[in-house]
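Visitor: My questions will all concern the structure given below.
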Amino acid sequence: GENVEQHPSTLSVQEGDSAVIKCTYSDSASNYFPWYKQELGKRPQLIIDIRSNVGEKKDQRIAVTLNKTAKHFSLHITETQPEDSAVYFCAASIDFGNEKLTFGTGTRLTIIP
Amino acid sequence: NAGVTQTPKFQVLKTGQSMTLQCAQDMNHNSMYWYRQDPGMGLRLIYYSASEGTTDKGEVPNGYNVSRLNKREFSLRLESAAPSQTSVYFCASNLKAGGVEKLFFGSGTQLSVL
C-alpha cells in the first residue's frame, strides 16, 4: 500500500518568515495530494490540495508543489502569522478516492512572535 | 447545519469494557469514515462506508466494528477495549463534488483505556 513520509516533525519559524513542509509518497499511481491543518484541540481541516496534472497551486499565502518524478510534494507558507501555528498533515490518494487516503505523520509548526 | 457531530467527547474505559462512538452528518454525504490519531502516527483509517449499507476495513480495523445505520449515521464499536485503543478518534464524511475532494471531520473523541 501507499506510504507517506513527512518532514520535519516539528518546525519553528519567526513570524513573517516562510515555512516549508515536505512529503514523499511511495505509490506512483497516487494522483491526489491534500493538506490538512489541525489547530490545538481542534479537528483537521482541508487547506489546499493538488492533483497530479498540475505542478503547483497557490491560495494566498499557501502554496503546494508537486514533483511526480521524485514522488514528493511540499507545502509552502509565506509571511507566517501566529494563527499559522498548528499541526499540518499531508496525504496521498489514488483515483481521487478518500477511501484510499493515506496521511503523513504530521508537522507541528510553531510561529515565534 | 451542524456538519459532522460525534459523541462522546471524552471517555474512560476499563480493559474489557465495550462502548460505541456515535457519528452523524447532516450534509447528505455518501461516504463516512472513522480515523484514529496517535502521537507521531498521523491519522489512520479504521473503517469506512462508501455508501449507505456498505462498510469496508481500513488500515487498522482489528478490535473494532462499525455500523452504517443510515445515510446520516456511522457508529464505531469497541467490543472489548484494550489499552492499545487509547487514542483520539475522528469521524469524517466526504464531499465529492465539482472535482473537489474534502473530508469534513467531527470534533473528536478522546478515549482512554485503563
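Residue numbering restarts at 1 in every chain; chains get A, B, ... in the order shown in the C-alpha cells, and ligands count up from 1 in that same order.
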Report as a PyMOL selection string all protein, DNA and RNA residues lying within 6 Å of region 16-22 of chain A, evaluated on only C-alpha atoms, omitting residues in the same chain fewer than 5 positions from it.

Guide: chain A and resi 6-7+74-80

Visitor: Got a sec: who's within 9 Å of region 48-58 of chain B, counting only C-alpha atoms, leaving out chain neighbours fewer than 3 positions off, as JSON, numbers by chain?

Guide: {"A": [99, 100], "B": [29, 30, 31, 32, 33, 34, 35, 44, 45, 61, 62, 66, 67, 68, 69, 70, 71, 72, 74]}

Visitor: Suppose we keep N, CA and C atoms; can you now write the selection as a PDB file, in the first residue's frame?

Guide:
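Heads up, here's the output in part_15.pdb:
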ATOM      1  N   GLU A  99     -11.281   6.989   0.220  1.00  0.00           N
ATOM      2  CA  GLU A  99     -11.187   5.683   0.846  1.00  0.00           C
ATOM      3  C   GLU A  99      -9.760   5.202   0.915  1.00  0.00           C
ATOM      4  N   LYS A 100      -8.928   5.698   0.023  1.00  0.00           N
ATOM      5  CA  LYS A 100      -7.546   5.255  -0.024  1.00  0.00           C
ATOM      6  C   LYS A 100      -6.601   6.387   0.343  1.00  0.00           C
TER       7      LYS A 100
ATOM      8  N   HIS B  29     -23.743  13.587   2.719  1.00  0.00           N
ATOM      9  CA  HIS B  29     -22.580  12.947   2.115  1.00  0.00           C
ATOM     10  C   HIS B  29     -22.773  11.436   2.042  1.00  0.00           C
ATOM     11  N   ASN B  30     -22.261  10.842   0.989  1.00  0.00           N
ATOM     12  CA  ASN B  30     -22.381   9.395   0.846  1.00  0.00           C
ATOM     13  C   ASN B  30     -21.365   8.632   1.689  1.00  0.00           C
ATOM     14  N   SER B  31     -20.143   9.144   1.726  1.00  0.00           N
ATOM     15  CA  SER B  31     -19.053   8.403   2.369  1.00  0.00           C
ATOM     16  C   SER B  31     -18.786   8.917   3.776  1.00  0.00           C
ATOM     17  N   MET B  32     -18.533   7.952   4.677  1.00  0.00           N
ATOM     18  CA  MET B  32     -18.186   8.290   6.058  1.00  0.00           C
ATOM     19  C   MET B  32     -17.033   7.425   6.522  1.00  0.00           C
ATOM     20  N   TYR B  33     -16.272   7.927   7.494  1.00  0.00           N
ATOM     21  CA  TYR B  33     -15.010   7.304   7.889  1.00  0.00           C
ATOM     22  C   TYR B  33     -14.804   7.391   9.404  1.00  0.00           C
ATOM     23  N   TRP B  34     -14.029   6.447   9.903  1.00  0.00           N
ATOM     24  CA  TRP B  34     -13.518   6.537  11.260  1.00  0.00           C
ATOM     25  C   TRP B  34     -11.995   6.450  11.218  1.00  0.00           C
ATOM     26  N   TYR B  35     -11.362   7.459  11.846  1.00  0.00           N
ATOM     27  CA  TYR B  35      -9.908   7.502  11.952  1.00  0.00           C
ATOM     28  C   TYR B  35      -9.515   7.482  13.422  1.00  0.00           C
ATOM     29  N   ARG B  44      -4.963   7.432  10.985  1.00  0.00           N
ATOM     30  CA  ARG B  44      -5.039   6.111  10.367  1.00  0.00           C
ATOM     31  C   ARG B  44      -6.496   5.675  10.252  1.00  0.00           C
ATOM     32  N   LEU B  45      -6.842   5.175   9.080  1.00  0.00           N
ATOM     33  CA  LEU B  45      -8.218   4.804   8.790  1.00  0.00           C
ATOM     34  C   LEU B  45      -8.557   3.471   9.433  1.00  0.00           C
ATOM     35  N   PRO B  61      -8.248  -2.076  11.349  1.00  0.00           N
ATOM     36  CA  PRO B  61      -9.603  -2.431  11.752  1.00  0.00           C
ATOM     37  C   PRO B  61      -9.725  -3.369  12.962  1.00  0.00           C
ATOM     38  N   ASN B  62      -8.623  -4.013  13.342  1.00  0.00           N
ATOM     39  CA  ASN B  62      -8.711  -5.045  14.381  1.00  0.00           C
ATOM     40  C   ASN B  62      -9.174  -4.466  15.708  1.00  0.00           C
ATOM     41  N   VAL B  66     -18.155  -1.600  12.914  1.00  0.00           N
ATOM     42  CA  VAL B  66     -18.880  -0.394  12.551  1.00  0.00           C
ATOM     43  C   VAL B  66     -20.268  -0.761  12.057  1.00  0.00           C
ATOM     44  N   SER B  67     -21.126   0.253  12.080  1.00  0.00           N
ATOM     45  CA  SER B  67     -22.476   0.109  11.533  1.00  0.00           C
ATOM     46  C   SER B  67     -22.845   1.390  10.816  1.00  0.00           C
ATOM     47  N   ARG B  68     -23.241   1.249   9.564  1.00  0.00           N
ATOM     48  CA  ARG B  68     -23.777   2.413   8.848  1.00  0.00           C
ATOM     49  C   ARG B  68     -25.283   2.316   8.983  1.00  0.00           C
ATOM     50  N   LEU B  69     -25.826   2.985   9.955  1.00  0.00           N
ATOM     51  CA  LEU B  69     -27.226   2.843  10.331  1.00  0.00           C
ATOM     52  C   LEU B  69     -28.156   3.401   9.261  1.00  0.00           C
ATOM     53  N   ASN B  70     -27.764   4.461   8.654  1.00  0.00           N
ATOM     54  CA  ASN B  70     -28.495   5.105   7.562  1.00  0.00           C
ATOM     55  C   ASN B  70     -27.520   6.065   6.901  1.00  0.00           C
ATOM     56  N   LYS B  71     -27.977   6.904   6.011  1.00  0.00           N
ATOM     57  CA  LYS B  71     -27.043   7.778   5.310  1.00  0.00           C
ATOM     58  C   LYS B  71     -26.375   8.768   6.261  1.00  0.00           C
ATOM     59  N   ARG B  72     -27.047   9.135   7.322  1.00  0.00           N
ATOM     60  CA  ARG B  72     -26.538  10.147   8.232  1.00  0.00           C
ATOM     61  C   ARG B  72     -25.581   9.594   9.278  1.00  0.00           C
ATOM     62  N   PHE B  74     -23.010   6.793  11.345  1.00  0.00           N
ATOM     63  CA  PHE B  74     -21.983   5.772  11.197  1.00  0.00           C
ATOM     64  C   PHE B  74     -21.339   5.587  12.563  1.00  0.00           C
TER      65      PHE B  74
END

Visitor: Please identify every residue of chain B that has at least one atom no more than 7 Å from any atom of chain A, counting only C-alpha atoms, and report them as a compact mmCIF listing (two decimals) with all heavy atoms, in the first residue's frame.

Guide:
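The result, stored in selection.txt:
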# COMPACT_ATOMS: atom_id res chain seq x y z
N GLY B 40 2.60 11.06 16.73
CA GLY B 40 3.67 10.63 15.84
C GLY B 40 3.23 9.66 14.74
O GLY B 40 4.07 9.18 13.97
N MET B 41 1.93 9.39 14.67
CA MET B 41 1.47 8.40 13.67
C MET B 41 0.41 8.95 12.74
O MET B 41 -0.13 8.21 11.91
CB MET B 41 0.96 7.14 14.37
CG MET B 41 2.00 6.49 15.24
SD MET B 41 1.53 4.87 15.81
CE MET B 41 1.75 3.92 14.33
N GLY B 42 0.09 10.19 12.86
CA GLY B 42 -0.88 10.77 11.94
C GLY B 42 -2.27 10.20 12.13
O GLY B 42 -2.64 9.72 13.20
N LEU B 43 -3.04 10.26 11.08
CA LEU B 43 -4.42 9.78 11.08
C LEU B 43 -4.46 8.44 10.33
O LEU B 43 -4.04 8.36 9.18
CB LEU B 43 -5.34 10.78 10.38
CG LEU B 43 -5.55 12.10 11.12
CD1 LEU B 43 -5.91 13.20 10.15
CD2 LEU B 43 -6.65 11.92 12.15
N TYR B 48 -14.41 2.44 6.85
CA TYR B 48 -15.12 3.45 6.11
C TYR B 48 -16.38 2.85 5.50
O TYR B 48 -16.53 1.62 5.43
CB TYR B 48 -14.24 4.07 5.01
CG TYR B 48 -13.84 3.13 3.90
CD1 TYR B 48 -14.58 3.07 2.73
CD2 TYR B 48 -12.69 2.34 4.02
CE1 TYR B 48 -14.20 2.22 1.70
CE2 TYR B 48 -12.32 1.49 3.00
CZ TYR B 48 -13.06 1.43 1.84
OH TYR B 48 -12.69 0.59 0.83
N LYS B 102 -13.09 16.58 -0.25
CA LYS B 102 -12.86 17.24 1.03
C LYS B 102 -13.44 16.41 2.15
O LYS B 102 -14.62 16.05 2.11
CB LYS B 102 -13.51 18.63 1.03
CG LYS B 102 -13.25 19.43 2.29
CD LYS B 102 -13.81 20.83 2.14
CE LYS B 102 -13.55 21.66 3.39
NZ LYS B 102 -14.06 23.04 3.24
N PHE B 105 -14.37 16.68 9.23
CA PHE B 105 -14.15 15.91 10.44
C PHE B 105 -15.09 16.35 11.57
O PHE B 105 -15.48 17.53 11.66
CB PHE B 105 -12.72 16.08 10.93
CG PHE B 105 -11.70 15.34 10.11
CD1 PHE B 105 -11.12 15.92 9.00
CD2 PHE B 105 -11.32 14.05 10.46
CE1 PHE B 105 -10.17 15.23 8.24
CE2 PHE B 105 -10.37 13.36 9.72
CZ PHE B 105 -9.80 13.95 8.61
N GLY B 106 -15.40 15.39 12.43
CA GLY B 106 -16.06 15.72 13.68
C GLY B 106 -15.05 16.29 14.66
O GLY B 106 -13.86 16.41 14.35
N SER B 107 -15.50 16.61 15.85
CA SER B 107 -14.64 17.28 16.83
C SER B 107 -13.75 16.32 17.61
O SER B 107 -12.90 16.76 18.37
CB SER B 107 -15.49 18.10 17.79
OG SER B 107 -16.45 17.27 18.41
N GLY B 108 -13.94 15.03 17.43
CA GLY B 108 -13.05 14.06 18.05
C GLY B 108 -13.56 13.51 19.37
O GLY B 108 -14.32 14.16 20.08

Visitor: To one decimal in Å, tell me the separation between CA of Asn65 (chain B) and CA of Leu78 (chain B).

Guide: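 About the pair CA of Asn65 (chain B) and CA of Leu78 (chain B): they are 6.7 Å apart.
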
Visitor: Can you tell me, as a count of residues only, what residues are no more than 6 Å from Ala86 (chain A) when counting only C-alpha atoms, ignoring any on the same chain fewer than 5 positions away?

Guide: 4

Visitor: Using only C-alpha atoms, find the one residue out of A:Ser30, A:Ser52, A:Gln81, A:Pro8 that sits nearest to Thr65 (chain A).

Guide: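 The answer is A:Ser52, which sits nearest to Thr65 (chain A).
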
Visitor: What lies within 10 Å of Met27 (chain B) using only C-alpha atoms, ignoring chain neighbours under 3 positions off, as a PyMOL selection string?

Guide: chain B and resi 1-4+24+30+71-72+93-95+104

Visitor: Take CA of Leu76 (chain B) and CA of Gln110 (chain B) and report the distance between them in Å, one decimal.

Guide: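 CA of Leu76 (chain B) sits 13.6 Å away from CA of Gln110 (chain B).
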
Visitor: If you measure from CA of Leu11 (chain A) to CA of Asn31 (chain A), what distance in Å do you get, rounded to one decimal?

Guide: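 Here the two named atoms are 26.9 Å from each other.
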
Visitor: Write out as a VMD selection string each polymer residue whose atoms come within 6 Å of region 66-72 of chain A, counting only C-alpha atoms; drop sequence neighbours fewer than 2 positions from it.

Guide: chain A and resid 23 to 25 55

Visitor: Near Gln17 (chain B), within 12 Å and counting only C-alpha atoms, which residues show up once chain neighbours fewer than 6 positions away are dropped, as a CSV table (one decimal) with C-alpha atoms, in the first residue's frame?

Guide:
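Output below, filename result19.csv:
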chain,number,residue,atom,x,y,z
B,11,GLN,CA,-14.5,8.6,27.6
B,77,ARG,CA,-17.9,-0.1,18.4
B,78,LEU,CA,-15.2,-1.4,20.7
B,79,GLU,CA,-16.4,-4.8,21.9
B,80,SER,CA,-13.6,-5.4,24.4
B,81,ALA,CA,-11.4,-2.3,24.9
B,82,ALA,CA,-7.7,-2.7,25.2
B,83,PRO,CA,-5.1,-0.1,26.4
B,85,GLN,CA,-7.0,1.5,21.8
B,112,SER,CA,-8.5,6.3,27.5
B,113,VAL,CA,-8.5,2.6,28.2
B,114,LEU,CA,-7.0,1.7,31.6

Visitor: Using only C-alpha atoms, pick whichever of B:Ile46, B:Val60, B:Ala92, B:Leu21 has the shortest atom-to-atom distance to Thr109 (chain B).

Guide: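 Of the candidates, the smallest distance to Thr109 (chain B) is held by B:Leu21.
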